[in-house]
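protein33.pdb (PDB, C-alpha atoms and all ligand atoms)
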```pdb
ATOM      1  CA  MET A   1     -79.818  39.411 101.938
ATOM      2  CA  ASP A   2     -81.370  37.623 104.901
ATOM      3  CA  ALA A   3     -85.113  37.090 105.293
ATOM      4  CA  LEU A   4     -85.653  39.919 107.785
ATOM      5  CA  GLU A   5     -83.820  42.441 105.630
ATOM      6  CA  ALA A   6     -85.892  41.387 102.606
ATOM      7  CA  ILE A   7     -89.104  41.752 104.635
ATOM      8  CA  ARG A   8     -88.023  45.188 105.881
ATOM      9  CA  THR A   9     -86.907  46.550 102.515
ATOM     10  CA  ARG A  10     -89.686  45.107 100.310
ATOM     11  CA  ARG A  11     -91.900  47.751  98.749
ATOM     12  CA  SER A  12     -94.327  47.613  95.846
ATOM     13  CA  ILE A  13     -92.289  48.516  92.768
ATOM     14  CA  ARG A  14     -94.069  49.979  89.757
ATOM     15  CA  LYS A  15     -91.059  51.253  87.771
ATOM     16  CA  PHE A  16     -88.514  48.896  86.246
ATOM     17  CA  THR A  17     -85.361  49.162  84.135
ATOM     18  CA  SER A  18     -85.248  47.290  80.836
ATOM     19  CA  ALA A  19     -82.973  44.577  82.320
ATOM     20  CA  ALA A  20     -84.089  40.972  81.934
ATOM     21  CA  VAL A  21     -84.643  38.565  84.834
ATOM     22  CA  PRO A  22     -82.907  35.198  84.262
ATOM     23  CA  LYS A  23     -85.148  32.132  84.102
ATOM     24  CA  ALA A  24     -83.281  30.584  87.055
ATOM     25  CA  ASP A  25     -84.230  33.566  89.249
ATOM     26  CA  LEU A  26     -87.871  33.341  88.169
ATOM     27  CA  GLU A  27     -87.799  29.664  89.126
ATOM     28  CA  THR A  28     -86.325  30.550  92.516
ATOM     29  CA  ILE A  29     -89.131  33.079  93.065
ATOM     30  CA  VAL A  30     -91.879  30.596  92.122
ATOM     31  CA  ASP A  31     -90.170  27.981  94.274
ATOM     32  CA  ALA A  32     -90.537  30.345  97.254
ATOM     33  CA  GLY A  33     -94.247  30.608  96.424
ATOM     34  CA  ARG A  34     -94.872  26.879  96.291
ATOM     35  CA  LEU A  35     -93.125  26.419  99.654
ATOM     36  CA  ALA A  36     -95.554  28.728 101.495
ATOM     37  CA  ALA A  37     -97.685  27.567 104.391
ATOM     38  CA  THR A  38    -100.954  26.085 103.136
ATOM     39  CA  GLY A  39    -104.078  24.861 104.939
ATOM     40  CA  HIS A  40    -104.077  21.053 105.260
ATOM     41  CA  ASN A  41    -101.018  21.072 103.008
ATOM     42  CA  GLU A  42    -103.385  21.193 100.025
ATOM     43  CA  GLN A  43    -101.119  23.454  97.938
ATOM     44  CA  PRO A  44    -104.043  24.530  95.716
ATOM     45  CA  TRP A  45    -101.919  26.724  93.463
ATOM     46  CA  ASP A  46    -100.413  27.000  90.017
ATOM     47  CA  PHE A  47     -98.068  29.703  88.799
ATOM     48  CA  ILE A  48     -97.843  30.909  85.193
ATOM     49  CA  VAL A  49     -94.605  32.731  84.361
ATOM     50  CA  ILE A  50     -95.087  35.163  81.487
ATOM     51  CA  THR A  51     -92.062  36.740  79.796
ATOM     52  CA  GLU A  52     -93.512  37.319  76.334
ATOM     53  CA  PRO A  53     -93.894  41.131  75.935
ATOM     54  CA  THR A  54     -96.936  40.780  73.675
ATOM     55  CA  THR A  55     -98.731  38.843  76.424
ATOM     56  CA  ILE A  56     -97.557  41.232  79.163
ATOM     57  CA  MET A  57     -98.982  44.072  77.074
ATOM     58  CA  GLN A  58    -102.427  42.443  77.381
ATOM     59  CA  PHE A  59    -102.302  43.187  81.126
ATOM     60  CA  LEU A  60    -102.178  46.962  80.526
ATOM     61  CA  PRO A  61    -105.828  47.471  81.584
ATOM     62  CA  ALA A  62    -104.862  46.219  85.068
ATOM     63  CA  ALA A  63    -101.708  48.359  85.340
ATOM     64  CA  PRO A  64    -100.493  50.685  82.564
ATOM     65  CA  TRP A  65     -96.912  50.479  83.894
ATOM     66  CA  ILE A  66     -96.801  46.661  83.746
ATOM     67  CA  ILE A  67     -95.269  46.723  80.277
ATOM     68  CA  GLN A  68     -91.930  47.687  81.871
ATOM     69  CA  ALA A  69     -91.790  44.397  83.797
ATOM     70  CA  ALA A  70     -89.373  41.689  82.646
ATOM     71  CA  ALA A  71     -91.822  39.011  83.745
ATOM     72  CA  VAL A  72     -95.248  38.604  85.268
ATOM     73  CA  ILE A  73     -96.283  35.705  87.480
ATOM     74  CA  ALA A  74     -99.994  34.870  87.358
ATOM     75  CA  VAL A  75    -101.126  33.211  90.596
ATOM     76  CA  VAL A  76    -103.865  30.635  90.022
ATOM     77  CA  LEU A  77    -105.810  28.995  92.848
ATOM     78  CA  ASP A  78    -108.289  26.150  93.145
ATOM     79  CA  PRO A  79    -111.315  27.558  95.018
ATOM     80  CA  LYS A  80    -112.427  24.027  95.951
ATOM     81  CA  SER A  81    -109.765  24.192  98.652
ATOM     82  CA  ARG A  82    -111.166  25.694 101.904
ATOM     83  CA  TRP A  83    -108.125  27.927 102.451
ATOM     84  CA  TRP A  84    -107.464  29.003  98.882
ATOM     85  CA  VAL A  85    -107.491  32.748  99.635
ATOM     86  CA  GLU A  86    -105.128  32.449 102.587
ATOM     87  CA  ASP A  87    -102.883  30.024 100.713
ATOM     88  CA  GLY A  88    -102.707  32.303  97.695
ATOM     89  CA  ALA A  89    -101.834  35.304  99.866
ATOM     90  CA  ALA A  90     -99.082  33.363 101.636
ATOM     91  CA  ALA A  91     -97.592  32.245  98.319
ATOM     92  CA  ILE A  92     -97.718  35.770  96.898
ATOM     93  CA  GLN A  93     -96.021  37.303  99.937
ATOM     94  CA  ASN A  94     -93.280  34.647  99.789
ATOM     95  CA  MET A  95     -92.665  35.528  96.141
ATOM     96  CA  LEU A  96     -92.527  39.276  96.871
ATOM     97  CA  ILE A  97     -89.950  38.669  99.597
ATOM     98  CA  ALA A  98     -87.942  36.283  97.427
ATOM     99  CA  SER A  99     -87.934  38.868  94.616
ATOM    100  CA  THR A 100     -86.599  41.512  97.010
ATOM    101  CA  ALA A 101     -83.961  39.117  98.362
ATOM    102  CA  LEU A 102     -82.701  38.540  94.811
ATOM    103  CA  GLY A 103     -82.495  42.304  94.161
ATOM    104  CA  TYR A 104     -85.671  42.608  92.097
ATOM    105  CA  GLY A 105     -88.798  44.661  92.560
ATOM    106  CA  ALA A 106     -92.324  43.311  92.379
ATOM    107  CA  CYS A 107     -95.901  44.309  93.067
ATOM    108  CA  TRP A 108     -99.011  42.409  94.198
ATOM    109  CA  ILE A 109    -101.726  43.355  91.676
ATOM    110  CA  GLN A 110    -105.088  42.004  92.693
ATOM    111  CA  GLY A 111    -107.590  44.823  93.081
ATOM    112  CA  ASP A 112    -107.071  45.818  89.451
ATOM    113  CA  VAL A 113    -107.138  42.190  88.249
ATOM    114  CA  ILE A 114    -110.395  40.963  89.779
ATOM    115  CA  PRO A 115    -112.676  43.064  87.492
ATOM    116  CA  ARG A 116    -110.821  41.619  84.484
ATOM    117  CA  GLU A 117    -110.358  38.084  85.776
ATOM    118  CA  GLU A 118    -112.406  36.297  83.104
ATOM    119  CA  HIS A 119    -110.632  38.149  80.299
ATOM    120  CA  PHE A 120    -107.172  37.300  81.686
ATOM    121  CA  LYS A 121    -108.201  33.672  82.350
ATOM    122  CA  THR A 122    -109.118  33.282  78.685
ATOM    123  CA  LEU A 123    -105.861  34.943  77.609
ATOM    124  CA  LEU A 124    -103.796  32.536  79.762
ATOM    125  CA  ASN A 125    -105.855  29.347  79.131
ATOM    126  CA  ILE A 126    -106.715  29.066  82.817
ATOM    127  CA  PRO A 127    -109.377  26.365  83.383
ATOM    128  CA  ASP A 128    -112.896  27.647  84.184
ATOM    129  CA  GLU A 129    -112.945  26.099  87.662
ATOM    130  CA  LYS A 130    -109.764  27.896  88.799
ATOM    131  CA  ARG A 131    -109.384  31.494  90.016
ATOM    132  CA  LEU A 132    -106.808  34.007  88.874
ATOM    133  CA  MET A 133    -105.951  35.665  92.177
ATOM    134  CA  ALA A 134    -103.199  38.115  91.269
ATOM    135  CA  LEU A 135    -100.534  39.178  88.821
ATOM    136  CA  ILE A 136     -97.021  39.841  90.069
ATOM    137  CA  PRO A 137     -94.849  41.938  87.734
ATOM    138  CA  ILE A 138     -91.137  41.499  88.427
ATOM    139  CA  GLY A 139     -88.092  43.390  87.207
ATOM    140  CA  VAL A 140     -85.028  45.345  88.207
ATOM    141  CA  PRO A 141     -86.324  48.321  90.230
ATOM    142  CA  ALA A 142     -86.067  51.829  88.814
ATOM    143  CA  GLU A 143     -87.491  53.419  91.963
ATOM    144  CA  ARG A 144     -87.053  53.147  95.726
ATOM    145  CA  PRO A 145     -90.376  54.283  97.148
ATOM    146  CA  GLU A 146     -90.721  55.191 100.805
ATOM    147  CA  ARG A 147     -94.114  54.312 102.274
ATOM    148  CA  GLU A 148     -95.369  55.314 105.629
ATOM    149  CA  LYS A 149     -95.933  52.287 107.835
ATOM    150  CA  LYS A 150     -97.681  52.266 111.167
ATOM    151  CA  PRO A 151     -95.025  52.209 113.873
ATOM    152  CA  LEU A 152     -94.537  48.991 115.821
ATOM    153  CA  THR A 153     -95.564  50.743 119.034
ATOM    154  CA  GLN A 154     -98.974  51.531 117.490
ATOM    155  CA  VAL A 155     -99.816  47.959 116.517
ATOM    156  CA  ILE A 156     -98.076  45.752 119.067
ATOM    157  CA  HIS A 157    -100.024  44.703 122.155
ATOM    158  CA  TRP A 158     -98.613  42.633 124.979
ATOM    159  CA  GLU A 159    -100.808  40.123 126.786
ATOM    160  CA  LYS A 160    -104.125  41.901 125.982
ATOM    161  CA  PHE A 161    -105.428  44.291 123.285
TER     162      PHE A 161
HETATM  163  C1  LIG B 201    -104.618  42.259  98.402
HETATM  164  C2  LIG B 201    -103.780  43.311  97.718
HETATM  165  C3  LIG B 201    -104.214  43.838  96.505
HETATM  166  C4  LIG B 201    -103.423  44.793  95.837
HETATM  167  N1  LIG B 201    -103.832  45.217  94.598
HETATM  168  C5  LIG B 201    -103.078  46.125  93.952
HETATM  169  C6  LIG B 201    -103.446  46.548  92.637
HETATM  170  O1  LIG B 201    -104.450  46.098  92.073
HETATM  171  N2  LIG B 201    -102.654  47.450  92.000
HETATM  172  C7  LIG B 201    -101.511  47.941  92.583
HETATM  173  O2  LIG B 201    -100.819  48.768  91.954
HETATM  174  N3  LIG B 201    -101.120  47.563  93.833
HETATM  175  C8  LIG B 201    -101.873  46.665  94.524
HETATM  176  N4  LIG B 201    -101.472  46.241  95.769
HETATM  177  C9  LIG B 201    -100.245  46.793  96.399
HETATM  178  C10 LIG B 201    -100.591  47.780  97.515
HETATM  179  O3  LIG B 201    -101.029  48.989  96.936
HETATM  180  C11 LIG B 201     -99.335  48.013  98.397
HETATM  181  O4  LIG B 201     -98.931  46.791  98.970
HETATM  182  C12 LIG B 201     -99.618  49.030  99.503
HETATM  183  O5  LIG B 201     -99.847  50.305  98.968
HETATM  184  C13 LIG B 201     -98.458  49.128 100.509
HETATM  185  O6  LIG B 201     -97.253  49.478  99.846
HETATM  186  P1  LIG B 201     -95.972  48.520  99.923
HETATM  187  O7  LIG B 201     -96.321  47.214  99.252
HETATM  188  O8  LIG B 201     -94.893  49.264  99.194
HETATM  189  O9  LIG B 201     -95.635  48.302 101.379
HETATM  190  C14 LIG B 201    -102.223  45.269  96.442
HETATM  191  C15 LIG B 201    -101.798  44.712  97.652
HETATM  192  C16 LIG B 201    -102.540  43.735  98.274
HETATM  193  C17 LIG B 201    -102.029  43.094  99.556
END
```
Would you mind writing the file out in structure tokens?
Amino acid sequence: MDALEAIRTRRSIRKFTSAAVPKADLETIVDAGRLAATGHNEQPWDFIVITEPTTIMQFLPAAPWIIQAAAVIAVVLDPKSRWWVEDGAAAIQNMLIASTALGYGACWIQGDVIPREEHFKTLLNIPDEKRLMALIPIGVPAERPEREKKPLTQVIHWEKF
């Protein structure tokens, strides 16, 4: 699948089959994250790949369906970097697209993580000075959701707003 097709077909997936995701594919997905654009090339990120079901189960308060995922990637940022939020978002989007390109489904879970950040940081041994930005569950999709997107004609402007 080429990059544009992956961008066009990516959707947040919240239902997965019980199929495993090979370690090599998880490495490819994280590799796409670490290659994202990053302010001043600071690369202020770390990625924790979690495949242990008992650990994944601990994320249930953030997303009850997460237990179906074959793996979860925790995205950790260093807030000392000026562009840590933008860098984290770029890395996450790269990983969502890479997951789609490899035939997997994934979801960016952040809103439901932030209220539980300290708890999850302790669970994953994340140093105090770092931020847990998001969890990304990954697996073989068991749904193909359609989501309404604003049409291009509504959001594109030529020359001036
Ligand atoms: C910053 C951000 C935070 C998000 N947080 C959550 C979340 O906590 N839980 C969740 O199920 N989805 C979360 N999502 C996924 C969005 O709900 C999803 O991207 C949106 O509904 C559009 O659907 P699509 O990804 O299929 O295009 C988040 C997405 C972004 C970009």
Subject >> Result set, the PyMOL selection byres (((not hetatm)) within 8 of (chain B and resi 201)) on current file, as an MDAnalysis selection string >> reply: chainID A and resid 10:14 62:63 89 107:113 134 145:147 149
**OP:** Choose the residue, out of A:Ile138, A:Leu132, A:Asn125, A:Ile92, that has the smallest atom-to-atom separation from Thr51 in chain A; count all atoms listed in the file.
**Re:**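 So, comparing all the options, the nearest one is A:Ile138.
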Subject >> One-decimal distance in Å that lies between CA of Gly88 in chain A and CA of Arg8 in chain A >> reply: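 So the two atoms, CA of Arg8 in chain A and CA of Gly88 in chain A, lie 21.2 Å apart.
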Listed atoms of range 144-159 of chain A boxed along x, y and z, 8 Å each side, centre and edge lengths in Å, one decimal, as AutoDock Vina command-line options:
```
--center_x -93.9 --center_y 47.7 --center_z 111.3 --size_x 29.8 --size_y 31.2 --size_z 47.1
```
**OP:** May I ask which of the residues A:Ile48, A:Leu60, A:Ala71, A:Ile156 is the closest one to Lys23 in chain A, counting all atoms listed in the file?
**Re:**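 Closest residue, counting all atoms listed in the file: A:Ala71.
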**OP:** For the file shown, report as a list of chain:residue names the outcome of the PyMOL selection byres (((chain A and resi 3) around 10) and not hetatm) at residue level.
**Re:**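 Applying the expression gives A:Met1, A:Asp2, A:Leu4, A:Glu5, A:Ala6, A:Ile7, A:Arg8, A:Ile97, A:Ala98, A:Thr100, A:Ala101.
For Asp46 in chain A, the set of protein, DNA and RNA residues having any atom at most 10 Å away, when counting only C-alpha atoms and skipping those fewer than 5 positions along the same chain, is Val30, Gly33, Arg34, Ile73, Ala74, Val75, Val76, Leu77, Asp78, Gly88, Ile126, Lys130 and Leu132 of chain A.
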Subject >> Nearest residue to Trp83 in chain A from the set A:Leu102, A:Ala70, A:Val49, A:Ala37 (distances using only C-alpha atoms) >> reply: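 Counting only C-alpha atoms, the residue closest to Trp83 in chain A is A:Ala37.
Coordinates place CA of His119 in chain A at a distance of 11.8 Å from CA of Arg131 in chain A.
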Subject >> Closest of A:Gln154, A:Ile29, A:Ala142, A:Thr38 to Ala90 in chain A - atom-to-atom distances counting only C-alpha atoms >> reply: A:Thr38
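Counting from CA of Gln58 in chain A, the distance to CA of Leu135 in chain A is 12.0 Å.
Nearest to Glu52 in chain A of all the residues A:Phe16, A:Ile114, A:Ile67, A:Gly39 is A:Ile67, based on all atoms listed in the file.
Considering only C-alpha atoms, the residue among A:Thr122, A:Pro137, A:Leu96, A:Asp25 positioned nearest to Pro64 in chain A is A:Pro137.
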Original post:
Can you list, as a ChimeraX atom specification, every protein, DNA or RNA residue that comes within 8 Å of Phe120 in chain A when you count only C-alpha atoms, leaving out same-chain residues fewer than 3 positions away?
Top reply: /A:59,116-117,123-124,132
Save range 113-128 of chain A from what I just supplied, as a short mmCIF file (atom, residue, chain, number, x, y, z; two decimals), in the first residue's frame, atoms limited to all heavy atoms.
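part27.cif, freshly written:
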```cif
data_model
loop_
_atom_site.label_atom_id
_atom_site.label_comp_id
_atom_site.auth_asym_id
_atom_site.auth_seq_id
_atom_site.Cartn_x
_atom_site.Cartn_y
_atom_site.Cartn_z
N VAL A 113 -6.21 9.07 28.31
CA VAL A 113 -4.97 8.71 29.00
C VAL A 113 -4.55 9.81 29.97
O VAL A 113 -4.13 9.54 31.09
CB VAL A 113 -3.84 8.44 27.97
CG1 VAL A 113 -2.47 8.44 28.63
CG2 VAL A 113 -4.09 7.11 27.26
N ILE A 114 -4.69 11.06 29.52
CA ILE A 114 -4.19 12.19 30.32
C ILE A 114 -4.67 12.15 31.77
O ILE A 114 -3.86 12.31 32.69
CB ILE A 114 -4.53 13.53 29.62
CG1 ILE A 114 -3.62 13.69 28.40
CG2 ILE A 114 -4.35 14.72 30.56
CD1 ILE A 114 -4.00 14.82 27.48
N PRO A 115 -5.97 11.90 32.05
CA PRO A 115 -6.39 11.88 33.46
C PRO A 115 -5.75 10.76 34.28
O PRO A 115 -5.78 10.81 35.51
CB PRO A 115 -7.92 11.67 33.37
CG PRO A 115 -8.29 11.91 31.96
CD PRO A 115 -7.08 11.68 31.12
N ARG A 116 -5.19 9.77 33.59
CA ARG A 116 -4.60 8.62 34.28
C ARG A 116 -3.09 8.53 34.05
O ARG A 116 -2.46 7.50 34.25
CB ARG A 116 -5.26 7.33 33.78
CG ARG A 116 -6.74 7.33 33.99
CD ARG A 116 -7.47 6.26 33.22
NE ARG A 116 -8.90 6.40 33.44
CZ ARG A 116 -9.73 7.12 32.68
NH1 ARG A 116 -9.27 7.76 31.62
NH2 ARG A 116 -11.01 7.21 32.96
N GLU A 117 -2.52 9.64 33.60
CA GLU A 117 -1.11 9.63 33.19
C GLU A 117 -0.18 9.16 34.31
O GLU A 117 0.69 8.31 34.08
CB GLU A 117 -0.69 11.03 32.71
CG GLU A 117 0.75 11.05 32.23
CD GLU A 117 1.22 12.44 31.82
OE1 GLU A 117 0.41 13.39 31.85
OE2 GLU A 117 2.41 12.55 31.47
N GLU A 118 -0.34 9.69 35.51
CA GLU A 118 0.59 9.33 36.59
C GLU A 118 0.51 7.84 36.92
O GLU A 118 1.53 7.18 37.13
CB GLU A 118 0.32 10.19 37.83
CG GLU A 118 0.72 11.65 37.66
CD GLU A 118 2.15 11.83 37.11
OE1 GLU A 118 3.07 11.14 37.59
OE2 GLU A 118 2.31 12.65 36.19
N HIS A 119 -0.71 7.32 36.92
CA HIS A 119 -0.90 5.89 37.20
C HIS A 119 -0.20 5.04 36.14
O HIS A 119 0.53 4.09 36.45
CB HIS A 119 -2.41 5.60 37.23
CG HIS A 119 -2.74 4.16 37.37
ND1 HIS A 119 -2.41 3.43 38.49
CD2 HIS A 119 -3.35 3.29 36.51
CE1 HIS A 119 -2.80 2.18 38.32
NE2 HIS A 119 -3.38 2.07 37.13
N PHE A 120 -0.38 5.38 34.86
CA PHE A 120 0.24 4.60 33.79
C PHE A 120 1.76 4.78 33.78
O PHE A 120 2.50 3.85 33.45
CB PHE A 120 -0.35 4.99 32.43
CG PHE A 120 -1.81 4.62 32.25
CD1 PHE A 120 -2.63 5.33 31.39
CD2 PHE A 120 -2.37 3.55 32.94
CE1 PHE A 120 -3.97 4.99 31.21
CE2 PHE A 120 -3.71 3.20 32.79
CZ PHE A 120 -4.51 3.92 31.91
N LYS A 121 2.24 5.97 34.14
CA LYS A 121 3.69 6.20 34.21
C LYS A 121 4.32 5.27 35.24
O LYS A 121 5.38 4.67 35.01
CB LYS A 121 3.99 7.66 34.55
CG LYS A 121 3.96 8.58 33.34
CD LYS A 121 4.16 10.04 33.73
CE LYS A 121 5.55 10.33 34.24
NZ LYS A 121 5.75 11.77 34.48
N THR A 122 3.67 5.14 36.38
CA THR A 122 4.18 4.25 37.43
C THR A 122 4.18 2.81 36.93
O THR A 122 5.17 2.08 37.07
CB THR A 122 3.30 4.37 38.69
OG1 THR A 122 3.27 5.74 39.08
CG2 THR A 122 3.83 3.53 39.83
N LEU A 123 3.07 2.42 36.29
CA LEU A 123 2.94 1.05 35.78
C LEU A 123 4.08 0.71 34.80
O LEU A 123 4.59 -0.41 34.78
CB LEU A 123 1.59 0.92 35.08
CG LEU A 123 1.25 -0.39 34.41
CD1 LEU A 123 0.91 -1.44 35.47
CD2 LEU A 123 0.07 -0.22 33.44
N LEU A 124 4.47 1.69 33.98
CA LEU A 124 5.44 1.44 32.90
C LEU A 124 6.85 1.90 33.25
O LEU A 124 7.73 1.92 32.38
CB LEU A 124 4.97 2.15 31.62
CG LEU A 124 3.61 1.68 31.07
CD1 LEU A 124 3.17 2.56 29.90
CD2 LEU A 124 3.67 0.22 30.64
N ASN A 125 7.08 2.31 34.51
CA ASN A 125 8.41 2.77 34.94
C ASN A 125 8.90 3.99 34.16
O ASN A 125 10.11 4.10 33.88
CB ASN A 125 9.46 1.66 34.79
CG ASN A 125 9.42 0.68 35.92
OD1 ASN A 125 8.74 0.92 36.91
ND2 ASN A 125 10.12 -0.43 35.75
N ILE A 126 8.00 4.84 33.76
CA ILE A 126 8.40 6.03 33.00
C ILE A 126 8.96 7.06 33.98
O ILE A 126 8.33 7.36 35.00
CB ILE A 126 7.18 6.60 32.23
CG1 ILE A 126 6.71 5.57 31.18
CG2 ILE A 126 7.54 7.93 31.56
CD1 ILE A 126 5.40 5.92 30.51
N PRO A 127 10.16 7.62 33.69
CA PRO A 127 10.76 8.58 34.62
C PRO A 127 9.84 9.78 34.88
O PRO A 127 9.11 10.22 33.98
CB PRO A 127 12.03 9.03 33.89
CG PRO A 127 12.33 7.95 32.91
CD PRO A 127 11.01 7.35 32.52
N ASP A 128 9.93 10.32 36.11
CA ASP A 128 9.06 11.43 36.54
C ASP A 128 9.07 12.59 35.56
O ASP A 128 8.05 13.21 35.28
CB ASP A 128 9.54 11.98 37.90
CG ASP A 128 9.09 11.07 39.02
OD1 ASP A 128 8.28 10.16 38.76
OD2 ASP A 128 9.58 11.28 40.15
#
```
